[in-house]
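For reference, my_file.csv is printed below; it contains CSV, C-alpha atoms and all ligand atoms.
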chain,number,residue,atom,x,y,z
A,131,MET,CA,140.0,-7.2,173.9
A,132,THR,CA,139.9,-4.4,171.4
A,133,VAL,CA,137.7,-5.1,168.4
A,134,ILE,CA,138.3,-3.0,165.3
A,135,ASP,CA,136.3,-3.5,162.1
A,136,ALA,CA,138.8,-2.5,159.4
A,137,HIS,CA,136.3,-2.1,156.5
A,138,ALA,CA,132.7,-0.7,156.7
A,139,HIS,CA,130.5,1.8,154.9
A,140,VAL,CA,128.3,4.7,156.1
A,141,TRP,CA,126.3,6.8,153.7
A,142,GLY,CA,124.6,10.1,154.0
A,143,GLU,CA,121.5,11.0,151.9
A,144,GLY,CA,122.1,11.6,148.2
A,145,PHE,CA,125.6,10.1,148.2
A,146,LEU,CA,124.8,7.4,145.6
A,147,PRO,CA,123.4,8.4,142.1
A,148,ALA,CA,120.2,6.8,140.9
A,149,ALA,CA,122.2,5.0,138.2
A,150,PHE,CA,123.8,2.9,141.0
A,151,PHE,CA,120.5,1.9,142.5
A,152,ARG,CA,119.0,1.3,139.1
A,153,SER,CA,121.6,-1.4,138.5
A,154,VAL,CA,120.9,-3.0,141.9
A,155,ALA,CA,117.1,-2.9,141.2
A,156,GLU,CA,117.5,-4.4,137.8
A,157,GLY,CA,119.5,-7.3,139.2
A,158,TRP,CA,116.8,-7.8,141.8
A,159,ALA,CA,114.0,-7.7,139.2
A,160,ALA,CA,115.8,-10.1,136.9
A,161,LYS,CA,115.4,-12.9,139.5
A,162,ALA,CA,111.6,-13.3,139.1
A,163,ALA,CA,109.0,-12.4,136.5
A,164,ASP,CA,106.7,-10.6,138.9
A,165,ARG,CA,109.4,-8.2,140.1
A,166,HIS,CA,109.8,-4.8,138.6
A,167,SER,CA,112.8,-2.5,139.3
A,168,ASP,CA,110.5,0.4,140.2
A,169,LEU,CA,109.1,-1.6,143.1
A,170,ILE,CA,112.3,-1.8,145.0
A,171,LEU,CA,114.0,1.5,143.9
A,172,PRO,CA,112.5,3.8,146.6
A,173,ARG,CA,113.3,1.3,149.4
A,174,LEU,CA,116.9,0.9,148.1
A,175,LEU,CA,117.4,4.7,148.0
A,176,ALA,CA,116.4,5.1,151.7
A,177,GLY,CA,117.8,1.8,153.0
A,178,VAL,CA,121.5,2.6,153.3
A,179,VAL,CA,121.3,6.1,154.7
A,180,ASP,CA,122.5,7.0,158.2
A,181,ALA,CA,123.0,10.8,158.2
A,182,SER,CA,124.5,10.9,161.8
A,183,GLY,CA,126.2,7.6,162.1
A,184,ASP,CA,124.4,7.0,165.4
A,185,ASP,CA,122.5,4.0,164.2
A,186,PHE,CA,125.7,2.5,162.7
A,187,VAL,CA,127.5,3.0,166.1
A,188,ALA,CA,124.5,1.4,167.9
A,189,ASN,CA,125.0,-1.6,165.6
A,190,MET,CA,128.7,-1.8,166.6
A,191,ASP,CA,127.7,-1.6,170.2
A,192,ARG,CA,125.4,-4.6,169.8
A,193,ALA,CA,128.3,-6.6,168.2
A,194,GLY,CA,131.0,-5.5,170.7
A,195,VAL,CA,133.0,-3.5,168.0
A,196,ASP,CA,135.0,-0.7,169.6
A,197,ALA,CA,136.0,1.1,166.4
A,198,SER,CA,135.3,0.9,162.6
A,199,PHE,CA,137.2,2.2,159.6
A,200,VAL,CA,134.6,3.8,157.4
A,201,MET,CA,135.1,3.9,153.6
A,202,MET,CA,134.0,6.5,151.2
A,203,LEU,CA,133.2,5.4,147.6
A,204,ASP,CA,133.3,7.9,144.8
A,205,VAL,CA,130.2,6.6,143.0
A,206,GLY,CA,129.8,9.4,140.5
A,207,ALA,CA,130.2,10.4,136.9
A,208,PRO,CA,133.6,8.8,136.3
A,209,ALA,CA,132.3,5.3,137.2
A,210,PHE,CA,128.5,5.6,136.6
A,211,GLY,CA,128.1,8.4,134.1
A,212,GLU,CA,126.0,10.3,136.6
A,213,GLU,CA,126.7,12.5,139.6
A,214,PRO,CA,125.1,11.9,143.0
A,215,ASP,CA,123.0,14.8,144.5
A,216,VAL,CA,125.8,15.5,147.0
A,217,PRO,CA,129.1,16.5,145.4
A,218,VAL,CA,132.3,14.8,146.4
A,219,GLU,CA,133.6,17.9,148.4
A,220,ALA,CA,130.4,17.8,150.6
A,221,GLN,CA,130.8,14.0,151.1
A,222,ILE,CA,134.3,14.5,152.3
A,223,ALA,CA,133.0,17.1,154.8
A,224,PHE,CA,130.4,14.6,156.0
A,225,TYR,CA,133.1,11.9,156.7
A,226,GLY,CA,135.2,14.5,158.5
A,227,ASP,CA,132.2,15.4,160.7
A,228,LEU,CA,131.3,11.7,161.2
A,229,GLN,CA,134.7,11.1,162.6
A,230,LYS,CA,134.5,14.0,165.0
A,231,ARG,CA,131.0,13.2,166.2
A,232,HIS,CA,132.0,9.6,167.0
A,233,LYS,CA,135.6,10.3,168.1
A,234,GLY,CA,137.6,7.1,168.6
A,235,ARG,CA,134.7,5.0,167.3
A,236,LEU,CA,134.7,5.9,163.6
A,237,TYR,CA,137.7,6.6,161.5
A,238,SER,CA,136.9,7.9,158.0
A,239,HIS,CA,138.6,7.4,154.7
A,240,VAL,CA,138.5,9.5,151.6
A,241,ALA,CA,138.0,8.3,148.0
A,242,VAL,CA,138.1,10.6,145.0
A,243,ASP,CA,138.3,9.2,141.5
A,244,PHE,CA,141.6,9.9,139.7
A,245,ARG,CA,139.6,11.0,136.6
A,246,ARG,CA,138.3,14.0,138.5
A,247,PRO,CA,140.2,17.3,138.1
A,248,GLY,CA,141.8,18.3,141.4
A,249,HIS,CA,141.5,14.9,143.0
A,250,LEU,CA,145.0,15.1,144.6
A,251,ASP,CA,144.2,18.4,146.3
A,252,LEU,CA,140.9,17.1,147.6
A,253,ILE,CA,142.5,14.0,149.0
A,254,ARG,CA,145.4,16.0,150.6
A,255,ARG,CA,143.0,18.4,152.2
A,256,ALA,CA,140.8,15.6,153.5
A,257,ILE,CA,143.8,14.0,155.2
A,258,ARG,CA,145.8,16.9,156.3
A,259,GLY,CA,142.9,19.3,156.9
A,260,GLN,CA,140.2,17.1,158.2
A,261,GLY,CA,142.3,14.3,159.7
A,262,LEU,CA,140.9,11.5,157.7
A,263,VAL,CA,143.0,8.4,158.3
A,264,GLY,CA,143.3,6.7,154.9
A,265,ILE,CA,142.3,6.5,151.2
A,266,GLY,CA,139.6,4.1,150.2
A,267,GLU,CA,137.7,2.3,149.2
A,268,ILE,CA,139.3,2.2,145.7
A,269,THR,CA,137.2,0.0,143.4
A,270,PRO,CA,139.2,-0.7,140.2
A,271,ASP,CA,136.8,-0.6,137.3
A,272,GLY,CA,138.3,0.3,133.9
A,273,PHE,CA,141.7,0.5,135.5
A,274,SER,CA,143.8,-1.6,137.9
A,275,ALA,CA,145.7,-0.7,141.1
A,276,ALA,CA,149.0,-0.9,139.1
A,277,ASP,CA,147.7,1.5,136.5
A,278,GLU,CA,149.9,4.6,135.9
A,279,ARG,CA,146.9,6.8,136.0
A,280,ILE,CA,146.2,6.1,139.7
A,281,ARG,CA,149.9,6.2,140.6
A,282,PRO,CA,149.9,9.9,141.7
A,283,THR,CA,147.1,9.0,144.2
A,284,MET,CA,149.1,6.1,145.5
A,285,LYS,CA,152.3,8.2,145.8
A,286,LEU,CA,150.4,10.8,147.7
A,287,ALA,CA,149.2,8.2,150.2
A,288,ALA,CA,152.8,7.1,150.7
A,289,GLU,CA,153.9,10.7,151.1
A,290,LEU,CA,151.1,11.4,153.7
A,291,GLY,CA,151.8,8.1,155.4
A,292,VAL,CA,148.3,6.8,155.3
A,293,PRO,CA,147.1,3.4,154.1
A,294,VAL,CA,145.0,2.8,151.0
A,295,GLN,CA,142.2,0.2,150.9
A,296,ILE,CA,141.8,-1.5,147.5
A,297,HIS,CA,138.9,-3.8,146.6
A,298,THR,CA,140.1,-7.4,145.7
A,299,ARG,CA,136.8,-9.3,145.2
A,300,THR,CA,136.0,-10.8,141.8
A,301,GLY,CA,132.9,-8.6,141.3
A,302,VAL,CA,132.6,-4.8,141.7
A,303,TRP,CA,129.9,-2.4,142.5
A,304,THR,CA,126.5,-4.0,142.2
A,305,ASP,CA,127.7,-7.1,140.3
A,306,MET,CA,129.4,-8.7,143.3
A,307,ALA,CA,129.8,-12.2,141.9
A,308,GLY,CA,132.2,-11.5,139.0
A,309,THR,CA,133.0,-14.1,136.4
A,310,ASP,CA,136.5,-13.4,135.2
A,311,PHE,CA,139.0,-15.0,137.6
A,312,SER,CA,142.0,-14.2,135.4
A,313,GLU,CA,144.5,-11.4,135.7
A,314,ARG,CA,142.5,-9.6,133.0
A,315,ASN,CA,140.1,-8.7,135.9
A,316,PRO,CA,141.3,-5.3,137.2
A,317,VAL,CA,140.5,-6.3,140.8
A,318,HIS,CA,142.8,-9.4,140.7
A,319,PRO,CA,145.1,-9.2,143.8
A,320,ILE,CA,148.2,-9.5,141.5
A,321,HIS,CA,147.7,-5.9,140.4
A,322,VAL,CA,147.9,-4.8,144.0
A,323,ALA,CA,151.2,-6.8,144.5
A,324,ARG,CA,152.6,-5.0,141.4
A,325,LEU,CA,151.7,-1.7,142.8
A,326,ALA,CA,153.3,-2.6,146.2
A,327,ARG,CA,156.6,-3.4,144.4
A,328,GLU,CA,156.5,-0.1,142.6
A,329,VAL,CA,155.7,2.0,145.7
A,330,PRO,CA,157.3,0.1,148.6
A,331,ASP,CA,156.5,2.8,151.2
A,332,LEU,CA,152.8,2.5,150.5
A,333,LYS,CA,150.7,0.7,153.1
A,334,ILE,CA,148.0,-1.3,151.4
A,335,VAL,CA,144.9,-3.2,152.6
A,336,LEU,CA,143.7,-5.9,150.2
A,337,CYS,CA,140.0,-5.6,151.0
A,338,HIS,CA,138.0,-8.8,151.1
A,339,ALA,CA,141.3,-10.9,150.8
A,340,GLY,CA,140.5,-12.0,147.3
A,341,PHE,CA,137.0,-13.2,148.1
A,342,PRO,CA,136.1,-15.9,147.1
A,343,HIS,CA,138.3,-17.4,144.4
A,344,TRP,CA,141.6,-15.6,145.0
A,345,TRP,CA,141.9,-16.2,148.7
A,346,GLN,CA,145.2,-18.1,148.3
A,347,VAL,CA,146.7,-16.0,145.5
A,348,ALA,CA,145.9,-12.8,147.5
A,349,ALA,CA,148.1,-14.1,150.3
A,350,GLU,CA,150.8,-15.5,148.1
A,351,ALA,CA,151.1,-12.4,146.0
A,352,ILE,CA,151.9,-10.2,149.1
A,353,ALA,CA,153.8,-12.8,151.1
A,354,ASP,CA,157.1,-10.9,150.6
A,355,LEU,CA,155.5,-7.5,150.6
A,356,PRO,CA,155.4,-6.5,154.3
A,357,ASN,CA,153.5,-3.3,153.7
A,358,CYS,CA,150.4,-5.2,152.5
A,359,VAL,CA,147.8,-6.7,154.8
A,360,LEU,CA,144.6,-8.7,154.2
A,361,ASP,CA,141.2,-7.7,155.4
A,362,ILE,CA,138.8,-10.6,155.9
A,363,SER,CA,135.6,-8.7,155.1
A,364,ASN,CA,132.9,-10.5,153.0
A,365,TRP,CA,134.2,-13.9,154.3
A,366,ASN,CA,131.5,-13.5,156.9
A,367,GLU,CA,129.1,-14.5,154.1
A,368,ARG,CA,130.5,-18.0,154.5
A,369,LEU,CA,130.0,-18.1,158.2
A,370,ASP,CA,127.0,-20.4,158.1
A,371,ALA,CA,127.9,-22.6,155.2
A,372,ASP,CA,131.6,-23.1,155.8
A,373,ALA,CA,132.9,-22.3,159.3
A,374,PRO,CA,135.5,-25.1,159.3
A,375,GLU,CA,136.7,-24.0,155.9
A,376,LEU,CA,137.1,-20.5,157.2
A,377,VAL,CA,139.3,-21.7,160.0
A,378,ALA,CA,141.4,-23.6,157.5
A,379,ARG,CA,141.8,-20.5,155.3
A,380,LEU,CA,142.8,-18.3,158.3
A,381,ALA,CA,145.4,-20.9,159.2
A,382,THR,CA,146.8,-20.8,155.6
A,383,TRP,CA,146.8,-17.0,155.5
A,384,ARG,CA,148.7,-17.1,158.8
A,385,SER,CA,151.3,-19.4,157.3
A,386,LEU,CA,151.7,-17.3,154.2
A,387,VAL,CA,151.7,-13.7,155.5
A,388,GLY,CA,151.9,-14.0,159.3
A,389,VAL,CA,149.0,-13.5,161.8
A,390,GLU,CA,150.1,-9.8,162.2
A,391,ARG,CA,148.9,-9.1,158.6
A,392,ILE,CA,145.3,-10.3,159.0
A,393,LEU,CA,142.7,-7.6,159.8
A,394,PHE,CA,139.2,-8.3,161.1
A,395,ALA,CA,136.7,-6.6,158.8
A,396,SER,CA,133.0,-7.0,157.8
A,397,ASP,CA,132.0,-4.6,155.0
A,398,GLN,CA,129.1,-3.8,157.2
A,399,ALA,CA,126.8,-1.1,155.6
A,400,SER,CA,124.8,1.5,157.3
A,401,GLY,CA,121.0,2.0,157.1
A,402,ALA,CA,117.9,0.1,158.1
A,403,ARG,CA,118.4,-2.5,155.4
A,404,PHE,CA,121.7,-3.7,156.9
A,405,THR,CA,121.8,-2.9,160.6
A,406,GLY,CA,120.0,-4.1,163.7
A,407,VAL,CA,118.4,-7.6,163.4
A,408,ARG,CA,119.6,-7.8,159.8
A,409,SER,CA,123.3,-7.5,160.8
A,410,HIS,CA,125.4,-10.5,161.7
A,411,LEU,CA,128.3,-8.5,162.9
A,412,ASP,CA,128.0,-9.9,166.4
A,413,ARG,CA,128.4,-13.5,165.1
A,414,TRP,CA,131.4,-12.5,163.0
A,415,VAL,CA,133.1,-11.0,166.0
A,416,ALA,CA,132.3,-14.0,168.1
A,417,PHE,CA,133.7,-16.4,165.4
A,418,ILE,CA,137.2,-14.7,165.5
A,419,ARG,CA,137.1,-14.3,169.3
A,420,ASP,CA,136.4,-18.0,169.6
A,421,LEU,CA,139.1,-19.1,167.1
A,422,PRO,CA,141.1,-20.9,169.7
A,423,SER,CA,138.2,-23.3,170.6
A,424,ALA,CA,136.9,-23.6,167.0
A,425,GLY,CA,140.4,-24.2,165.7
A,426,ALA,CA,140.9,-27.0,168.3
A,427,ARG,CA,137.7,-28.6,167.2
A,428,TRP,CA,138.8,-28.8,163.6
A,429,GLY,CA,142.4,-29.6,164.1
A,430,TYR,CA,144.1,-26.2,164.0
A,431,ARG,CA,145.8,-24.3,166.8
A,432,PHE,CA,145.0,-20.6,167.3
A,433,THR,CA,146.1,-18.8,170.5
A,434,GLY,CA,144.2,-16.1,172.3
A,435,GLU,CA,147.0,-13.8,171.2
A,436,ASP,CA,146.2,-14.7,167.5
A,437,ALA,CA,142.6,-13.8,168.0
A,438,ARG,CA,143.5,-10.5,169.7
A,439,ALA,CA,145.9,-9.6,166.9
A,440,ILE,CA,143.3,-10.3,164.1
A,441,LEU,CA,140.4,-8.6,166.0
A,442,GLY,CA,142.1,-5.3,166.7
A,443,ALA,CA,145.8,-5.1,167.6
A,444,ASN,CA,146.9,-5.5,164.0
A,445,ALA,CA,144.7,-2.7,162.6
A,446,ARG,CA,145.7,-0.4,165.5
A,447,ARG,CA,149.4,-0.9,164.7
A,448,PHE,CA,149.0,-0.7,160.9
A,449,TYR,CA,147.1,2.6,161.2
A,450,ASN,CA,149.3,4.0,164.0
A,451,LEU,CA,146.3,4.6,166.2
A,452,ALA,CA,147.1,5.8,169.7
B,501,ZN,ZN,134.9,-3.7,148.3

In structure tokens, what does this structure look like?
Amino acid sequence: MTVIDAHAHVWGEGFLPAAFFRSVAEGWAAKAADRHSDLILPRLLAGVVDASGDDFVANMDRAGVDASFVMMLDVGAPAFGEEPDVPVEAQIAFYGDLQKRHKGRLYSHVAVDFRRPGHLDLIRRAIRGQGLVGIGEITPDGFSAADERIRPTMKLAAELGVPVQIHTRTGVWTDMAGTDFSERNPVHPIHVARLAREVPDLKIVLCHAGFPHWWQVAAEAIADLPNCVLDISNWNERLDADAPELVARLATWRSLVGVERILFASDQASGARFTGVRSHLDRWVAFIRDLPSAGARWGYRFTGEDARAILGANARRFYNLA
């Protein structure tokens, strides 16, 4: 059985600006009076880095994952008011090299903020020149997927024939919880559906399948939009608390969009803070692999074919992998 993780992150050193970590550190410090953000900042900065991708691939090996789609995030001045040490061009080169070093294991995506001059050329060169396989992750913040300003990027993806991965989880960046569940929230799945209607040739991955509040609306919004698929990353956060509920949601997604449009994904991050004993990727893979028996226990019927489709066959077909 081929296992493909459709959504993961690998970072080189200096890819994220201090402003990003400051906001993580402040959130951490706010949780207790004896915490200060400068205590955690140095550990955060080093914790996500995997300059070769070797540790990340070793983590995939432990979990039985054959291939992962690696996202780039343009976490720079347009979104955070501050550039990272490594400019976007050099980050793209890193993701090109990563894909070559781990051929057939890691497939890299490119993300360049539409507010950067020359963003379309950078994206085109990354895909045509370096062979990157998609655009993402796009994290709508101050714009939505249906925004006219990002339409040229979306049209370029359609022209190049590569998928785009768009974040649809209530919170963005370091504020993952989110509090606005209405359509005013730019990451609401409805904006992705609107985009998909405007650009019907565009292949779109709804990252995180509307986690957690929009799980149903995410599937309903794309039910008649066959070029859109759901990735189930972040739902692994519910593995311990809510396994029967996860089975029920998978069954509902299957009824709404078809099993062929559900992609296994984890949002696994690189670096010592997230891999090795701290990673639950192995259990997430096992959960989907064992869907037929778990489903039977809770009153749902999943076939081995369903599990194979979700775990890898769907992603392979959607991305036209050999
Ligand atoms: Zn995301």

Neighbours of ligand ZN 501 (chain B) within 9 Å, counting all atoms listed in the file, as a short mmCIF file (atom, residue, chain, number, x, y, z; two decimals) with C-alpha atoms, in the frame of the given file?
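Below is the file out-v1.cif, written as the result:
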data_model
loop_
_atom_site.label_atom_id
_atom_site.label_comp_id
_atom_site.auth_asym_id
_atom_site.auth_seq_id
_atom_site.Cartn_x
_atom_site.Cartn_y
_atom_site.Cartn_z
CA HIS A 137 136.30 -2.10 156.50
CA GLU A 267 137.70 2.30 149.20
CA ILE A 268 139.30 2.20 145.70
CA THR A 269 137.20 0.00 143.40
CA GLN A 295 142.20 0.20 150.90
CA ILE A 296 141.80 -1.50 147.50
CA HIS A 297 138.90 -3.80 146.60
CA THR A 298 140.10 -7.40 145.70
CA ARG A 299 136.80 -9.30 145.20
CA GLY A 301 132.90 -8.60 141.30
CA VAL A 302 132.60 -4.80 141.70
CA TRP A 303 129.90 -2.40 142.50
CA MET A 306 129.40 -8.70 143.30
CA CYS A 337 140.00 -5.60 151.00
CA HIS A 338 138.00 -8.80 151.10
CA SER A 363 135.60 -8.70 155.10
CA ASN A 364 132.90 -10.50 153.00
CA ASP A 397 132.00 -4.60 155.00
#

Out of A:Gly388, A:Asp372, A:Arg281, A:Asn315, which residue has the shortest atom-to-atom distance to Pro356 in chain A when counting only C-alpha atoms?
->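 Using only C-alpha atoms, Pro356 in chain A sits closest to A:Gly388.
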
Spatial neighbours of Asp305 in chain A, 12 Å, all atoms listed in the file, chain gap at least 2 places, as a count of residues only = 18

Find the residue from A:Phe311, A:Trp365, A:Phe145, A:Phe432 that sits nearest to Phe224 in chain A; use all atoms listed in the file when measuring.
->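 Closest to Phe224 in chain A of all the choices is A:Phe145.
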
Take the point (153.7, 6.9, 155.8) in the file's coordinates, draw a sphere of radius 12 Å around it, and report as a list of chain:residue names every protein, DNA or RNA residue with an atom inside or on it, counting all atoms listed in the file.
->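 Residues close enough to count: A:Val263, A:Gly264, A:Met284, A:Lys285, A:Leu286, A:Ala287, A:Ala288, A:Glu289, A:Leu290, A:Gly291, A:Val292, A:Pro293, A:Val294, A:Val329, A:Pro330, A:Asp331, A:Leu332, A:Lys333, A:Ile334, A:Asn357, A:Phe448, A:Tyr449, A:Asn450.
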
Near range 231-237 of chain A, 6 Å: range 151-216 of chain A residue rows, closest pairs, only C-alpha atoms, as a tab-separated table:
residue	atom	partner	partner_atom	distance
A:Ala197	CA	A:Arg235	CA	4.2
A:Ser198	CA	A:Leu236	CA	5.1
A:Phe199	CA	A:Tyr237	CA	4.8
A:Val200	CA	A:Tyr237	CA	5.9

Mind checking which residues fall within 10 Å of Glu143 in chain A, counting all atoms listed in the file, ignoring those fewer than 4 positions away in the same chain, and posting them as a PyMOL selection string?
-> chain A and resi 175-181+214-216+221

Could you save those same residues with C-alpha atoms as a PDB file, keeping the file's coordinate frame?
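Final output, saved to selection_14.pdb:
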ATOM      1  CA  LEU A 175     117.400   4.700 148.000  1.00  0.00           C
ATOM      2  CA  ALA A 176     116.400   5.100 151.700  1.00  0.00           C
ATOM      3  CA  GLY A 177     117.800   1.800 153.000  1.00  0.00           C
ATOM      4  CA  VAL A 178     121.500   2.600 153.300  1.00  0.00           C
ATOM      5  CA  VAL A 179     121.300   6.100 154.700  1.00  0.00           C
ATOM      6  CA  ASP A 180     122.500   7.000 158.200  1.00  0.00           C
ATOM      7  CA  ALA A 181     123.000  10.800 158.200  1.00  0.00           C
ATOM      8  CA  PRO A 214     125.100  11.900 143.000  1.00  0.00           C
ATOM      9  CA  ASP A 215     123.000  14.800 144.500  1.00  0.00           C
ATOM     10  CA  VAL A 216     125.800  15.500 147.000  1.00  0.00           C
ATOM     11  CA  GLN A 221     130.800  14.000 151.100  1.00  0.00           C
TER      12      GLN A 221
END

Nearest to Asp185 in chain A, chosen from A:Phe417, A:Ser400, A:Ala323, A:Ala223, with only C-alpha atoms counted in the distances =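 Going through A:Phe417, A:Ser400, A:Ala323, A:Ala223 one by one, the smallest distance to Asp185 in chain A is for A:Ser400.
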
Find the spatial neighbours of Ala193 in chain A, counting all atoms listed in the file, within a cut-off of 10 Å - ignore same-chain residues fewer than 3 positions away - and output them as a short mmCIF file (atom, residue, chain, number, x, y, z; two decimals) with C-alpha atoms, in the coordinates of the input.
data_model
loop_
_atom_site.label_atom_id
_atom_site.label_comp_id
_atom_site.auth_asym_id
_atom_site.auth_seq_id
_atom_site.Cartn_x
_atom_site.Cartn_y
_atom_site.Cartn_z
CA VAL A 133 137.70 -5.10 168.40
CA VAL A 187 127.50 3.00 166.10
CA ALA A 188 124.50 1.40 167.90
CA ASN A 189 125.00 -1.60 165.60
CA MET A 190 128.70 -1.80 166.60
CA ASP A 196 135.00 -0.70 169.60
CA GLY A 406 120.00 -4.10 163.70
CA SER A 409 123.30 -7.50 160.80
CA HIS A 410 125.40 -10.50 161.70
CA LEU A 411 128.30 -8.50 162.90
CA ASP A 412 128.00 -9.90 166.40
CA ARG A 413 128.40 -13.50 165.10
CA TRP A 414 131.40 -12.50 163.00
CA VAL A 415 133.10 -11.00 166.00
CA ALA A 416 132.30 -14.00 168.10
#

Nearest candidate to Ala395 in chain A (options A:Ala276, A:Leu252, A:Ile362, A:Leu228; using all atoms listed in the file) = A:Ile362
